[in-house]
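Data block for coords06.txt (compact mmCIF, C-alpha atoms):
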# COMPACT_ATOMS: atom_id res chain seq x y z
CA MET U 1 -39.44 31.51 -51.84
CA LYS U 2 -42.41 32.50 -49.79
CA THR U 3 -40.72 32.98 -46.49
CA GLU U 4 -42.85 36.08 -45.97
CA ASN U 5 -45.68 33.63 -45.34
CA LEU U 6 -43.92 32.46 -42.23
CA ALA U 7 -44.93 34.02 -38.99
CA VAL U 8 -42.08 36.38 -39.69
CA PRO U 9 -41.99 38.66 -36.65
CA GLU U 10 -42.40 35.74 -34.29
CA LEU U 11 -39.82 33.66 -36.06
CA ALA U 12 -37.36 36.50 -36.07
CA ALA U 13 -37.96 36.86 -32.36
CA VAL U 14 -37.38 33.17 -31.88
CA GLU U 15 -34.10 33.29 -33.66
CA ILE U 16 -32.92 36.34 -31.85
CA HIS U 17 -34.10 35.03 -28.55
CA GLY U 18 -33.14 31.42 -28.87
CA MET U 19 -30.17 31.36 -31.16
CA THR U 20 -28.33 34.61 -31.38
CA ARG U 21 -28.75 35.54 -27.78
CA GLY U 22 -28.20 31.97 -26.71
CA ALA U 23 -25.07 31.65 -28.73
CA PHE U 24 -23.83 34.83 -27.17
CA LEU U 25 -24.60 33.54 -23.70
CA ALA U 26 -22.94 30.22 -24.38
CA ARG U 27 -19.75 31.79 -25.66
CA GLY U 28 -19.58 34.29 -22.87
CA THR U 29 -20.25 31.95 -20.01
CA LEU U 30 -18.13 29.09 -21.25
CA ALA U 31 -15.24 31.42 -21.85
CA ALA U 32 -15.73 32.57 -18.29
CA GLY U 33 -15.89 28.95 -17.21
CA ALA U 34 -12.61 28.12 -18.84
CA ALA U 35 -10.94 31.17 -17.37
CA TYR U 36 -12.42 31.17 -13.89
CA GLY U 37 -13.56 27.63 -13.30
CA LEU U 38 -16.92 26.02 -13.37
CA GLY U 39 -18.53 28.18 -10.73
CA ALA U 40 -18.68 30.98 -13.26
CA VAL U 41 -20.68 28.74 -15.56
CA SER U 42 -23.46 28.09 -13.09
CA PRO U 43 -25.81 30.78 -14.38
CA PHE U 44 -25.43 29.22 -17.81
CA VAL U 45 -26.11 25.72 -16.61
CA SER U 46 -29.62 26.67 -15.74
CA ASN U 47 -31.66 25.01 -13.10
CA ALA U 48 -34.57 25.91 -15.31
CA LEU U 49 -36.91 23.32 -13.93
CA ALA U 50 -35.21 22.46 -10.69
CA ALA U 51 -38.32 23.41 -8.77
CA SER U 52 -40.52 21.14 -10.87
CA GLY U 53 -40.96 17.45 -10.50
CA ASP U 54 -40.06 14.86 -13.09
CA VAL U 55 -43.66 14.67 -14.31
CA ASP U 56 -43.61 18.36 -15.19
CA ILE U 57 -40.28 18.04 -16.95
CA VAL U 58 -41.35 15.00 -18.96
CA ASN U 59 -44.65 16.64 -19.89
CA PHE U 60 -42.72 19.72 -21.00
CA ALA U 61 -40.58 17.50 -23.24
CA LEU U 62 -43.68 15.64 -24.42
CA THR U 63 -45.27 18.88 -25.58
CA LEU U 64 -42.16 19.73 -27.61
CA GLU U 65 -42.10 16.25 -29.13
CA TYR U 66 -45.80 16.53 -30.04
CA LEU U 67 -45.02 19.79 -31.76
CA GLU U 68 -42.08 18.31 -33.69
CA SER U 69 -44.01 15.17 -34.53
CA ALA U 70 -46.90 17.19 -36.00
CA PHE U 71 -44.44 19.41 -37.83
CA TYR U 72 -42.61 16.59 -39.62
CA THR U 73 -45.77 14.59 -40.25
CA ALA U 74 -47.25 17.56 -42.09
CA ALA U 75 -43.98 18.38 -43.82
CA ALA U 76 -43.66 14.86 -45.24
CA SER U 77 -46.81 15.33 -47.29
CA LYS U 78 -46.91 19.09 -47.81
CA VAL U 79 -43.47 20.46 -48.67
CA PRO U 80 -43.04 20.61 -52.45
CA GLY U 81 -39.80 20.02 -54.28
CA MET U 82 -37.87 18.14 -51.64
CA SER U 83 -34.82 16.17 -52.75
CA SER U 84 -34.98 12.42 -52.20
CA ASP U 85 -32.37 12.80 -49.47
CA LEU U 86 -34.45 15.40 -47.69
CA LYS U 87 -37.62 13.31 -48.04
CA ALA U 88 -35.87 10.34 -46.46
CA LEU U 89 -34.55 12.51 -43.66
CA VAL U 90 -37.97 14.03 -42.96
CA LYS U 91 -39.55 10.59 -42.70
CA GLU U 92 -36.79 9.35 -40.45
CA ILE U 93 -37.11 12.33 -38.12
CA ARG U 94 -40.92 12.10 -38.17
CA ASP U 95 -40.71 8.48 -37.04
CA ASN U 96 -38.14 9.32 -34.36
CA GLU U 97 -40.31 12.11 -32.94
CA GLY U 98 -43.30 9.77 -32.88
CA GLU U 99 -41.29 7.28 -30.87
CA HIS U 100 -40.23 10.04 -28.50
CA VAL U 101 -43.89 10.97 -27.97
CA ASP U 102 -44.76 7.36 -27.15
CA ALA U 103 -41.81 6.91 -24.79
CA LEU U 104 -42.45 10.15 -22.92
CA THR U 105 -46.17 9.42 -22.64
CA ALA U 106 -45.29 6.05 -21.10
CA ALA U 107 -42.75 7.74 -18.81
CA VAL U 108 -45.32 10.21 -17.46
CA LYS U 109 -47.72 7.36 -16.74
CA GLN U 110 -45.00 5.36 -15.07
CA LEU U 111 -44.26 8.33 -12.84
CA GLY U 112 -47.93 8.39 -11.87
CA GLY U 113 -48.72 11.57 -13.81
CA LYS U 114 -51.19 12.56 -16.49
CA PRO U 115 -49.65 12.97 -19.95
CA ALA U 116 -49.88 16.47 -21.46
CA ALA U 117 -52.59 16.96 -24.07
CA ILE U 118 -51.74 17.07 -27.75
CA PRO U 119 -51.22 20.75 -28.57
CA LYS U 120 -53.05 22.35 -31.48
CA VAL U 121 -50.46 23.63 -33.91
CA ASP U 122 -50.19 26.08 -36.78
CA PHE U 123 -46.96 26.38 -38.71
CA GLY U 124 -48.07 29.21 -40.98
CA GLY U 125 -46.39 29.13 -44.38
CA ALA U 126 -43.52 26.93 -43.26
CA PHE U 127 -44.41 24.17 -45.72
CA ASP U 128 -44.42 26.41 -48.80
CA SER U 129 -40.89 25.49 -49.81
CA PRO U 130 -38.00 23.30 -48.68
CA GLU U 131 -36.19 26.47 -47.62
CA SER U 132 -38.96 27.77 -45.36
CA PHE U 133 -39.49 24.29 -43.93
CA LEU U 134 -35.79 23.78 -43.20
CA LYS U 135 -35.53 27.18 -41.58
CA LEU U 136 -38.22 26.38 -39.04
CA ALA U 137 -36.99 22.79 -38.62
CA ASN U 138 -33.61 24.25 -37.71
CA VAL U 139 -35.23 26.42 -35.06
CA PHE U 140 -37.20 23.51 -33.61
CA GLU U 141 -34.25 21.13 -33.49
CA ASP U 142 -31.79 23.58 -31.98
CA THR U 143 -34.44 24.71 -29.50
CA GLY U 144 -35.23 21.09 -28.65
CA VAL U 145 -31.58 20.31 -27.89
CA SER U 146 -31.29 23.39 -25.69
CA ALA U 147 -34.58 22.58 -23.94
CA TYR U 148 -33.48 19.07 -23.02
CA ASN U 149 -30.03 20.24 -21.99
CA GLY U 150 -31.57 22.93 -19.80
CA ALA U 151 -34.13 20.66 -18.18
CA ALA U 152 -32.11 17.48 -17.70
CA PRO U 153 -30.06 18.57 -14.68
CA GLY U 154 -33.37 19.07 -12.86
CA ILE U 155 -34.45 15.46 -13.35
CA SER U 156 -34.48 13.35 -10.20
CA SER U 157 -35.00 9.86 -11.58
CA VAL U 158 -31.90 8.23 -13.05
CA GLN U 159 -34.10 6.31 -15.47
CA VAL U 160 -35.81 9.46 -16.72
CA LEU U 161 -32.43 11.18 -17.05
CA ALA U 162 -31.10 8.28 -19.10
CA GLU U 163 -34.13 8.49 -21.36
CA ALA U 164 -33.79 12.25 -21.76
CA GLY U 165 -30.11 11.79 -22.62
CA ALA U 166 -30.90 9.13 -25.21
CA ILE U 167 -33.44 11.47 -26.79
CA VAL U 168 -31.41 14.68 -26.74
CA GLN U 169 -28.53 12.98 -28.53
CA VAL U 170 -30.92 12.08 -31.33
CA GLU U 171 -32.33 15.63 -31.40
CA ALA U 172 -28.77 16.92 -31.75
CA ARG U 173 -28.19 14.58 -34.68
CA HIS U 174 -31.41 15.85 -36.27
CA ALA U 175 -30.25 19.41 -35.74
CA ALA U 176 -26.92 18.68 -37.45
CA LEU U 177 -28.55 16.96 -40.42
CA ILE U 178 -31.16 19.69 -40.90
CA ARG U 179 -28.40 22.31 -40.71
CA LEU U 180 -26.38 20.45 -43.35
CA GLN U 181 -29.45 20.42 -45.59
CA ARG U 182 -29.52 24.21 -45.23
CA GLY U 183 -25.83 24.52 -46.03
CA GLN U 184 -25.14 25.59 -42.46
CA THR U 185 -22.45 24.38 -40.11
CA PRO U 186 -23.77 21.35 -38.19
CA ALA U 187 -22.42 22.47 -34.83
CA PRO U 188 -22.31 26.27 -34.57
CA ASN U 189 -20.91 26.27 -31.04
CA ALA U 190 -18.49 24.12 -29.04
CA PHE U 191 -21.13 23.95 -26.31
CA ASP U 192 -24.82 23.73 -27.02
CA MET U 193 -26.59 26.46 -25.14
CA THR U 194 -29.21 25.68 -22.56
CA LEU U 195 -32.59 27.36 -22.58
CA LYS U 196 -34.86 27.78 -19.60
CA ALA U 197 -38.42 26.52 -19.80
CA ASP U 198 -39.90 29.99 -20.25
CA GLU U 199 -37.45 30.75 -23.05
CA VAL U 200 -38.37 27.52 -24.80
CA LEU U 201 -42.06 28.24 -24.41
CA ALA U 202 -41.58 31.74 -25.82
CA ALA U 203 -39.82 30.19 -28.81
CA VAL U 204 -42.55 27.67 -29.63
CA LYS U 205 -45.57 29.71 -28.57
CA PRO U 206 -46.15 31.23 -32.02
CA PHE U 207 -46.86 27.75 -33.34
CA ILE U 208 -49.17 26.50 -30.60
CA LYS U 209 -52.81 27.51 -30.93
CA GLY U 210 -54.61 26.76 -27.71
CA MET W 211 -29.14 -2.81 -23.93
CA ASP W 212 -26.24 -4.26 -25.86
CA GLN W 213 -23.20 -2.49 -24.50
CA ASP W 214 -20.82 -4.65 -26.49
CA SER W 215 -22.24 -3.94 -29.89
CA ALA W 216 -20.03 -0.93 -30.57
CA VAL W 217 -16.86 -2.79 -29.88
CA ARG W 218 -18.07 -5.69 -31.95
CA GLU W 219 -18.94 -3.32 -34.76
CA LEU W 220 -15.48 -1.83 -34.59
CA ALA W 221 -13.95 -5.26 -34.77
CA GLU W 222 -16.19 -6.26 -37.64
CA ASP W 223 -16.02 -3.06 -39.63
CA PRO W 224 -14.36 -4.23 -42.83
CA SER W 225 -13.63 -0.80 -44.24
CA SER W 226 -11.56 0.99 -41.71
CA ARG W 227 -10.95 -0.03 -38.20
CA LYS W 228 -10.22 -3.63 -38.90
CA ARG W 229 -7.44 -2.66 -41.24
CA PHE W 230 -6.27 -0.13 -38.78
CA LEU W 231 -6.29 -2.59 -35.92
CA LYS W 232 -4.28 -4.98 -38.06
CA ALA W 233 -1.86 -2.25 -39.01
CA VAL W 234 -1.29 -1.36 -35.40
CA GLY W 235 -1.23 -4.99 -34.42
CA GLY W 236 -2.27 -4.18 -30.89
CA THR W 237 1.35 -3.61 -29.92
CA GLY W 238 1.55 -1.69 -26.73
CA ALA W 239 -2.18 -1.23 -26.64
CA ALA W 240 -2.60 -3.22 -23.47
CA ALA W 241 0.08 -1.28 -21.66
CA ALA W 242 -1.33 1.97 -22.97
CA LEU W 243 -4.76 0.99 -21.79
CA SER W 244 -3.53 0.53 -18.25
CA VAL W 245 -2.10 4.04 -18.37
CA ILE W 246 -5.37 5.52 -19.53
CA VAL W 247 -7.35 3.57 -16.96
CA ALA W 248 -5.08 4.98 -14.29
CA ALA W 249 -5.62 8.46 -15.70
CA CYS W 250 -9.33 7.91 -15.48
CA GLY W 251 -9.08 7.09 -11.82
CA GLY W 252 -9.67 3.35 -12.03
CA SER W 253 -12.91 3.06 -10.12
CA ASP W 254 -12.42 -0.39 -8.61
CA LYS W 255 -11.79 0.80 -5.13
CA LYS W 256 -15.09 2.40 -4.31
CA LYS W 257 -18.44 0.85 -3.66
CA THR W 258 -21.54 0.96 -5.56
CA THR W 259 -24.76 1.82 -3.89
CA SER W 260 -25.10 5.42 -4.97
CA THR W 261 -28.61 6.38 -5.94
CA ALA W 262 -27.07 8.18 -8.87
CA ALA W 263 -25.79 4.93 -10.33
CA ALA W 264 -26.39 4.48 -14.00
CA PRO W 265 -29.24 2.18 -14.77
CA GLY W 266 -27.94 -1.10 -16.00
CA PRO W 267 -28.93 -4.67 -16.25
CA GLY W 268 -29.47 -5.92 -12.73
CA GLY W 269 -28.27 -2.62 -11.23
CA ALA W 270 -24.74 -3.00 -12.55
CA LYS W 271 -21.88 -1.28 -10.79
CA PRO W 272 -21.38 2.30 -11.99
CA ASP W 273 -18.23 3.06 -13.97
CA PHE W 274 -17.33 5.98 -11.70
CA THR W 275 -18.22 7.07 -8.22
CA ASN W 276 -16.94 10.64 -8.26
CA ASP W 277 -17.17 13.57 -10.63
CA VAL W 278 -13.42 14.23 -10.85
CA ASP W 279 -12.86 10.77 -12.33
CA ILE W 280 -15.72 11.25 -14.79
CA VAL W 281 -14.50 14.64 -15.95
CA ASN W 282 -10.94 13.32 -16.31
CA TYR W 283 -12.28 10.44 -18.36
CA ALA W 284 -14.07 12.92 -20.63
CA LEU W 285 -10.96 15.10 -20.72
CA THR W 286 -8.85 12.16 -21.86
CA LEU W 287 -11.27 11.43 -24.70
CA GLU W 288 -11.36 15.10 -25.71
CA TYR W 289 -7.54 15.20 -25.77
CA LEU W 290 -7.57 12.24 -28.16
CA GLU W 291 -10.18 13.86 -30.40
CA THR W 292 -8.28 17.15 -30.47
CA GLN W 293 -5.02 15.46 -31.40
CA PHE W 294 -6.74 13.38 -34.03
CA TYR W 295 -8.14 16.41 -35.85
CA ASN W 296 -4.95 18.45 -35.45
CA ASP W 297 -2.80 15.59 -36.76
CA VAL W 298 -5.14 15.14 -39.70
CA ILE W 299 -5.15 18.86 -40.51
CA ASN W 300 -1.37 19.13 -40.19
CA SER W 301 -0.84 16.10 -42.42
CA GLY W 302 -2.32 17.96 -45.38
CA VAL W 303 -3.95 14.75 -46.55
CA ILE W 304 -7.42 16.29 -46.66
CA LYS W 305 -7.73 18.22 -49.92
CA ASP W 306 -11.50 18.80 -50.04
CA PRO W 307 -11.92 22.35 -48.69
CA LYS W 308 -15.37 21.61 -47.26
CA VAL W 309 -14.05 18.66 -45.30
CA GLY W 310 -11.02 20.66 -44.28
CA SER W 311 -13.05 23.51 -42.85
CA LEU W 312 -15.32 21.10 -40.99
CA ALA W 313 -12.25 19.40 -39.53
CA LYS W 314 -10.89 22.77 -38.40
CA GLU W 315 -14.20 23.72 -36.83
CA ILE W 316 -14.41 20.43 -34.98
CA ALA W 317 -10.78 20.63 -33.87
CA ALA W 318 -11.44 24.06 -32.38
CA ALA W 319 -14.54 22.77 -30.58
CA GLU W 320 -12.65 19.80 -29.14
CA GLN W 321 -9.91 22.11 -27.88
CA GLN W 322 -12.57 24.21 -26.14
CA HIS W 323 -13.91 21.04 -24.54
CA VAL W 324 -10.40 20.23 -23.30
CA ASP W 325 -10.07 23.71 -21.81
CA ALA W 326 -13.47 23.65 -20.13
CA LEU W 327 -13.01 20.15 -18.70
CA THR W 328 -9.54 21.02 -17.42
CA ALA W 329 -11.06 24.00 -15.65
CA ALA W 330 -13.85 21.82 -14.31
CA VAL W 331 -11.45 19.29 -12.77
CA LYS W 332 -9.58 22.11 -11.05
CA GLN W 333 -12.83 23.63 -9.88
CA LEU W 334 -13.71 20.27 -8.32
CA GLY W 335 -10.35 20.25 -6.51
CA GLY W 336 -8.86 17.48 -8.66
CA THR W 337 -5.77 17.13 -10.80
CA PRO W 338 -6.51 17.25 -14.54
CA ALA W 339 -5.54 14.08 -16.41
CA ALA W 340 -2.38 14.35 -18.47
CA LYS W 341 -2.65 14.47 -22.24
CA PRO W 342 -2.45 10.84 -23.37
CA LYS W 343 0.29 9.79 -25.79
CA ALA W 344 -1.37 8.75 -29.00
CA SER W 345 -0.67 8.29 -32.68
CA PHE W 346 -3.07 8.45 -35.57
CA GLN W 347 -0.40 8.03 -38.23
CA SER W 348 -1.74 4.67 -39.43
CA VAL W 349 -5.12 6.26 -40.03
CA ILE W 350 -3.61 9.26 -41.80
CA ASP W 351 -1.53 6.93 -43.97
CA GLY W 352 -4.77 5.18 -44.90
CA GLY W 353 -5.96 8.30 -46.72
CA PRO W 354 -9.03 10.55 -46.63
CA LYS W 355 -11.64 7.79 -46.60
CA MET W 356 -10.05 6.00 -43.68
CA ILE W 357 -9.60 9.31 -41.87
CA LEU W 358 -13.29 10.15 -42.21
CA GLU W 359 -14.38 6.65 -41.23
CA THR W 360 -12.22 6.95 -38.14
CA ALA W 361 -13.55 10.42 -37.39
CA ALA W 362 -17.08 9.02 -37.55
CA THR W 363 -16.13 6.21 -35.22
CA VAL W 364 -14.45 8.59 -32.78
CA GLU W 365 -17.40 11.01 -32.68
CA ASN W 366 -20.03 8.32 -32.22
CA LEU W 367 -17.87 6.83 -29.51
CA GLY W 368 -17.55 10.21 -27.80
CA ALA W 369 -21.29 10.82 -27.82
CA ALA W 370 -21.98 7.33 -26.47
CA ALA W 371 -19.30 7.75 -23.81
CA TYR W 372 -20.85 10.96 -22.45
CA LEU W 373 -24.30 9.41 -22.49
CA GLY W 374 -22.95 6.42 -20.59
CA GLN W 375 -21.88 8.58 -17.65
CA ALA W 376 -24.78 11.06 -17.38
CA GLY W 377 -26.44 9.07 -14.62
CA ASN W 378 -23.21 8.85 -12.61
CA ILE W 379 -22.54 12.58 -12.40
CA LYS W 380 -23.39 14.04 -9.03
CA SER W 381 -22.99 17.78 -9.59
CA LYS W 382 -25.80 19.45 -11.53
CA GLN W 383 -23.29 21.93 -12.92
CA ILE W 384 -21.04 19.17 -14.20
CA LEU W 385 -24.05 17.35 -15.62
CA GLY W 386 -25.16 20.51 -17.41
CA ALA W 387 -21.69 21.06 -18.85
CA ALA W 388 -21.41 17.42 -19.91
CA LEU W 389 -24.79 17.63 -21.66
CA ALA W 390 -23.75 20.80 -23.46
CA ILE W 391 -20.74 18.90 -24.82
CA HIS W 392 -22.59 15.61 -25.39
CA SER W 393 -25.02 17.12 -27.88
CA VAL W 394 -22.18 18.80 -29.78
CA GLU W 395 -20.39 15.45 -30.09
CA ALA W 396 -23.67 14.06 -31.42
CA ARG W 397 -23.83 16.85 -34.02
CA HIS W 398 -20.27 16.09 -35.09
CA ALA W 399 -21.09 12.38 -35.28
CA ALA W 400 -24.15 12.89 -37.44
CA ALA W 401 -22.36 15.31 -39.75
CA ILE W 402 -19.36 13.07 -40.30
CA ASN W 403 -21.51 9.99 -40.71
CA ALA W 404 -23.41 11.85 -43.41
CA LEU W 405 -20.12 12.92 -44.98
CA VAL W 406 -18.89 9.33 -45.28
CA GLY W 407 -22.20 8.38 -46.86
CA ARG W 408 -23.79 6.55 -43.99
CA GLY W 409 -27.55 6.78 -44.31
CA PHE W 410 -29.92 8.31 -41.82
CA GLY W 411 -31.21 5.21 -40.10
CA GLY W 412 -29.52 2.06 -39.02
CA GLY W 413 -29.86 -0.49 -36.30
CA ASP W 414 -26.20 -0.90 -35.50
CA GLN W 415 -24.20 1.26 -33.18
CA LEU W 416 -21.87 3.67 -34.98
CA THR W 417 -23.54 3.06 -38.34
CA GLY W 418 -25.62 5.77 -39.94
CA SER W 419 -26.11 9.38 -38.95
CA LEU W 420 -28.97 8.21 -36.71
CA PRO W 421 -27.36 4.89 -35.85
CA ASP W 422 -29.58 3.87 -32.98
CA GLY W 423 -32.90 5.08 -34.33
CA ALA W 424 -34.95 7.25 -31.99
CA PHE W 425 -32.95 6.56 -28.82
CA ALA W 426 -29.18 6.82 -28.62
CA ARG W 427 -27.37 4.06 -26.80
CA PRO W 428 -24.77 4.69 -24.12
CA MET W 429 -21.39 2.99 -23.85
CA LYS W 430 -19.65 1.91 -20.71
CA LYS W 431 -16.12 2.95 -19.86
CA ALA W 432 -14.59 -0.46 -20.47
CA ASP W 433 -15.92 -0.58 -24.03
CA VAL W 434 -14.86 2.99 -24.77
CA LEU W 435 -11.34 2.37 -23.50
CA LYS W 436 -11.05 -0.80 -25.54
CA ALA W 437 -12.08 1.13 -28.63
CA VAL W 438 -9.50 3.89 -28.16
CA ALA W 439 -6.68 1.58 -27.03
CA PRO W 440 -5.28 1.06 -30.56
CA PHE W 441 -4.53 4.77 -30.79
CA LEU W 442 -2.51 4.90 -27.58
CA THR W 443 1.25 4.67 -27.72
CA ALA W 444 2.37 5.16 -24.15

Would you write the structure of this file as structure tokens?
Amino acid sequence: MKTENLAVPELAAVEIHGMTRGAFLARGTLAAGAAYGLGAVSPFVSNALAASGDVDIVNFALTLEYLESAFYTAAASKVPGMSSDLKALVKEIRDNEGEHVDALTAAVKQLGGKPAAIPKVDFGGAFDSPESFLKLANVFEDTGVSAYNGAAPGISSVQVLAEAGAIVQVEARHAALIRLQRGQTPAPNAFDMTLKADEVLAAVKPFIKG
Amino acid sequence: MDQDSAVRELAEDPSSRKRFLKAVGGTGAAAALSVIVAACGGSDKKKTTSTAAAPGPGGAKPDFTNDVDIVNYALTLEYLETQFYNDVINSGVIKDPKVGSLAKEIAAAEQQHVDALTAAVKQLGGTPAAKPKASFQSVIDGGPKMILETAATVENLGAAAYLGQAGNIKSKQILGAALAIHSVEARHAAAINALVGRGFGGGDQLTGSLPDGAFARPMKKADVLKAVAPFLTA
């Protein structure tokens, strides 16, 4: 395994920031919610993008989908030694992410906005082995779920909300399947954590080059 | 959007539900359904023109017009899921330790959903729905394969049910909480689908770990209630 070729410090930061801390937050706040009612949960249910318009939210999602789409497209041809099951899964997810990109691009246009540019990406040594690939895929999928869940309550348009819901459910299924491929529990928490936009951006920043 | 496809799939599924439906024979299901509809607040009384209405063909009437009814609907489904997993675990029918530990994990998650949704209803000033009377004995008697097929059906149904109400929820807090549960139901669904050997893709609702392709499809209340009716005994 050549996991040392990953952007190790950044990735460690991502996991600490996005997963461990998030899991902690989710457990703490939901426990509080159960004990004290939903008001106690409000800091957890972030209004991450409440001040933004739908165009900003959809472009934010579009950038994440571009990142995932590029990631799985490269993985399909670069990762050595994948099982046939994993290969099929990677292709399926790649195609799903591509469809998400198309749908969100159309949604931005329909809202009268300008679709976000395709980000330049660099995934370091993530494609060196199935293990290093799956590790980063796990981060992207869990982060994607939390990003959508954090942003969705800020969406004004019922149509855009429906679309975001239809996408996040698929991202959650990806996350579960990638986790199973890693031998991890598919659903580590009873409630998926939400991440604010700046937390999501911090998580993916190491992989976006300009 | 084909809202009826899930119910049709359930009816047509040769491996599990069809046998189950036959076994149960629909006895009492209609009466039980009326109980559960009442528990879910039966939304006939109110009118329709909320801007938060779910998008539907021709601007169809939303299933619910207030958050208490939506959360009680979700609570009722979570009660059913919790009982299902607990009954299965207690039956001792599942021998595979990997499957057993997944079932325990999911059961614990569903119980946490019940607790959180009960708290949410109270927070909204409502009365939490009572635990529905249900039996999964016919499924348990059918053995591990039928249990897992049913678990897959239940989880896909749950995910689709949450998705079907997202646009009707008025409170951002409730929407955020519902989304945090929705994606966990989706994880359960994908994992169990994979466990029962359903492939990744698939064009039919409830089939495959990614049954709908890139975009998950919602289900309306009426279809969800029809699908769970065979389990109700009240």

**Request:** Output as a count of residues only the set of chain U residues within 7 Å of chain W, with distances taken over all atoms listed in the file.
**Result:** 33

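Relative to CA of Lys209 (chain U), CA of Asp122 (chain U) is found at 6.6 Å.
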
**Prompt:** Between CA of Lys91 (chain U) and CA of Gly418 (chain W), what is the spacing in Å?
**Reply:** 15.0 Å

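Checking U:Phe140, U:Tyr72, U:Phe207, U:Phe60 one by one against Lys120 (chain U), counting all atoms listed in the file, you find the shortest gap at U:Phe207.
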
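Between CA of Val281 (chain W) and CA of Val160 (chain U) lies a distance of 21.9 Å.
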
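If you count all atoms listed in the file and draw a sphere of 12 Å around (-12.7, 7.2, -46.7), the protein and nucleic acid residues inside it come out as Ser225, Ser226, Arg227, Val303, Ile304, Val309, Val349, Ile350, Asp351, Gly352, Gly353, Pro354, Lys355, Met356, Ile357, Leu358, Glu359, Thr360, Ala361, Ala362, Ile402, Asn403, Leu405, Val406, Gly407 and Arg408 of chain W.
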
Around all the atoms of region 310-325 of chain W listed in the file, with 4 Å of room on each side, what axis-aligned box do you get, giving centre and edge lengths in Å to one decimal, as lines of an AutoDock Vina configuration file?
center_x = -12.6
center_y = 21.8
center_z = -33.0
size_x = 13.4
size_y = 12.8
size_z = 30.5

**Message:** My list of candidates is U:Ala202, U:Ala75, U:Asp128, U:Lys196. Which is closest to Gly154 (chain U) when distances are computed with all atoms listed in the file?
**Reply:** U:Lys196

Produce region 68-113 of chain U of the given structure as output with C-alpha atoms, as a PDB file, in the first residue's frame.
ATOM      1  CA  GLU U  68     -16.509  13.403  -7.647  1.00  0.00           C
ATOM      2  CA  SER U  69     -17.093  12.904 -11.354  1.00  0.00           C
ATOM      3  CA  ALA U  70     -13.419  13.576 -12.145  1.00  0.00           C
ATOM      4  CA  PHE U  71     -12.376  11.347  -9.260  1.00  0.00           C
ATOM      5  CA  TYR U  72     -14.341   8.284 -10.384  1.00  0.00           C
ATOM      6  CA  THR U  73     -13.598   8.839 -14.062  1.00  0.00           C
ATOM      7  CA  ALA U  74      -9.873   8.727 -13.300  1.00  0.00           C
ATOM      8  CA  ALA U  75     -10.258   5.861 -10.855  1.00  0.00           C
ATOM      9  CA  ALA U  76     -12.039   3.680 -13.422  1.00  0.00           C
ATOM     10  CA  SER U  77      -8.940   3.624 -15.603  1.00  0.00           C
ATOM     11  CA  LYS U  78      -6.136   4.123 -13.095  1.00  0.00           C
ATOM     12  CA  VAL U  79      -6.694   2.038  -9.977  1.00  0.00           C
ATOM     13  CA  PRO U  80      -4.905  -1.307 -10.316  1.00  0.00           C
ATOM     14  CA  GLY U  81      -6.154  -4.571  -8.910  1.00  0.00           C
ATOM     15  CA  MET U  82      -9.801  -3.752  -8.428  1.00  0.00           C
ATOM     16  CA  SER U  83     -12.223  -6.656  -8.002  1.00  0.00           C
ATOM     17  CA  SER U  84     -14.884  -6.996 -10.679  1.00  0.00           C
ATOM     18  CA  ASP U  85     -17.463  -5.902  -8.115  1.00  0.00           C
ATOM     19  CA  LEU U  86     -15.508  -2.767  -7.312  1.00  0.00           C
ATOM     20  CA  LYS U  87     -14.963  -1.999 -11.005  1.00  0.00           C
ATOM     21  CA  ALA U  88     -18.696  -2.231 -11.637  1.00  0.00           C
ATOM     22  CA  LEU U  89     -19.415  -0.031  -8.650  1.00  0.00           C
ATOM     23  CA  VAL U  90     -16.886   2.599  -9.740  1.00  0.00           C
ATOM     24  CA  LYS U  91     -18.415   2.785 -13.207  1.00  0.00           C
ATOM     25  CA  GLU U  92     -21.906   3.025 -11.794  1.00  0.00           C
ATOM     26  CA  ILE U  93     -20.944   5.830  -9.421  1.00  0.00           C
ATOM     27  CA  ARG U  94     -18.968   7.613 -12.169  1.00  0.00           C
ATOM     28  CA  ASP U  95     -22.053   7.604 -14.383  1.00  0.00           C
ATOM     29  CA  ASN U  96     -24.285   8.781 -11.531  1.00  0.00           C
ATOM     30  CA  GLU U  97     -21.967  11.694 -10.732  1.00  0.00           C
ATOM     31  CA  GLY U  98     -21.890  12.671 -14.395  1.00  0.00           C
ATOM     32  CA  GLU U  99     -25.674  12.776 -14.429  1.00  0.00           C
ATOM     33  CA  HIS U 100     -25.640  14.892 -11.284  1.00  0.00           C
ATOM     34  CA  VAL U 101     -23.280  17.355 -12.982  1.00  0.00           C
ATOM     35  CA  ASP U 102     -25.603  17.616 -15.983  1.00  0.00           C
ATOM     36  CA  ALA U 103     -28.727  18.035 -13.858  1.00  0.00           C
ATOM     37  CA  LEU U 104     -27.189  20.684 -11.608  1.00  0.00           C
ATOM     38  CA  THR U 105     -25.763  22.577 -14.581  1.00  0.00           C
ATOM     39  CA  ALA U 106     -29.260  22.645 -16.092  1.00  0.00           C
ATOM     40  CA  ALA U 107     -30.710  23.714 -12.733  1.00  0.00           C
ATOM     41  CA  VAL U 108     -28.346  26.689 -12.438  1.00  0.00           C
ATOM     42  CA  LYS U 109     -29.268  27.804 -15.946  1.00  0.00           C
ATOM     43  CA  GLN U 110     -32.946  27.394 -15.216  1.00  0.00           C
ATOM     44  CA  LEU U 111     -32.524  29.596 -12.163  1.00  0.00           C
ATOM     45  CA  GLY U 112     -30.951  32.231 -14.404  1.00  0.00           C
ATOM     46  CA  GLY U 113     -27.428  31.740 -13.043  1.00  0.00           C
TER      47      GLY U 113
END
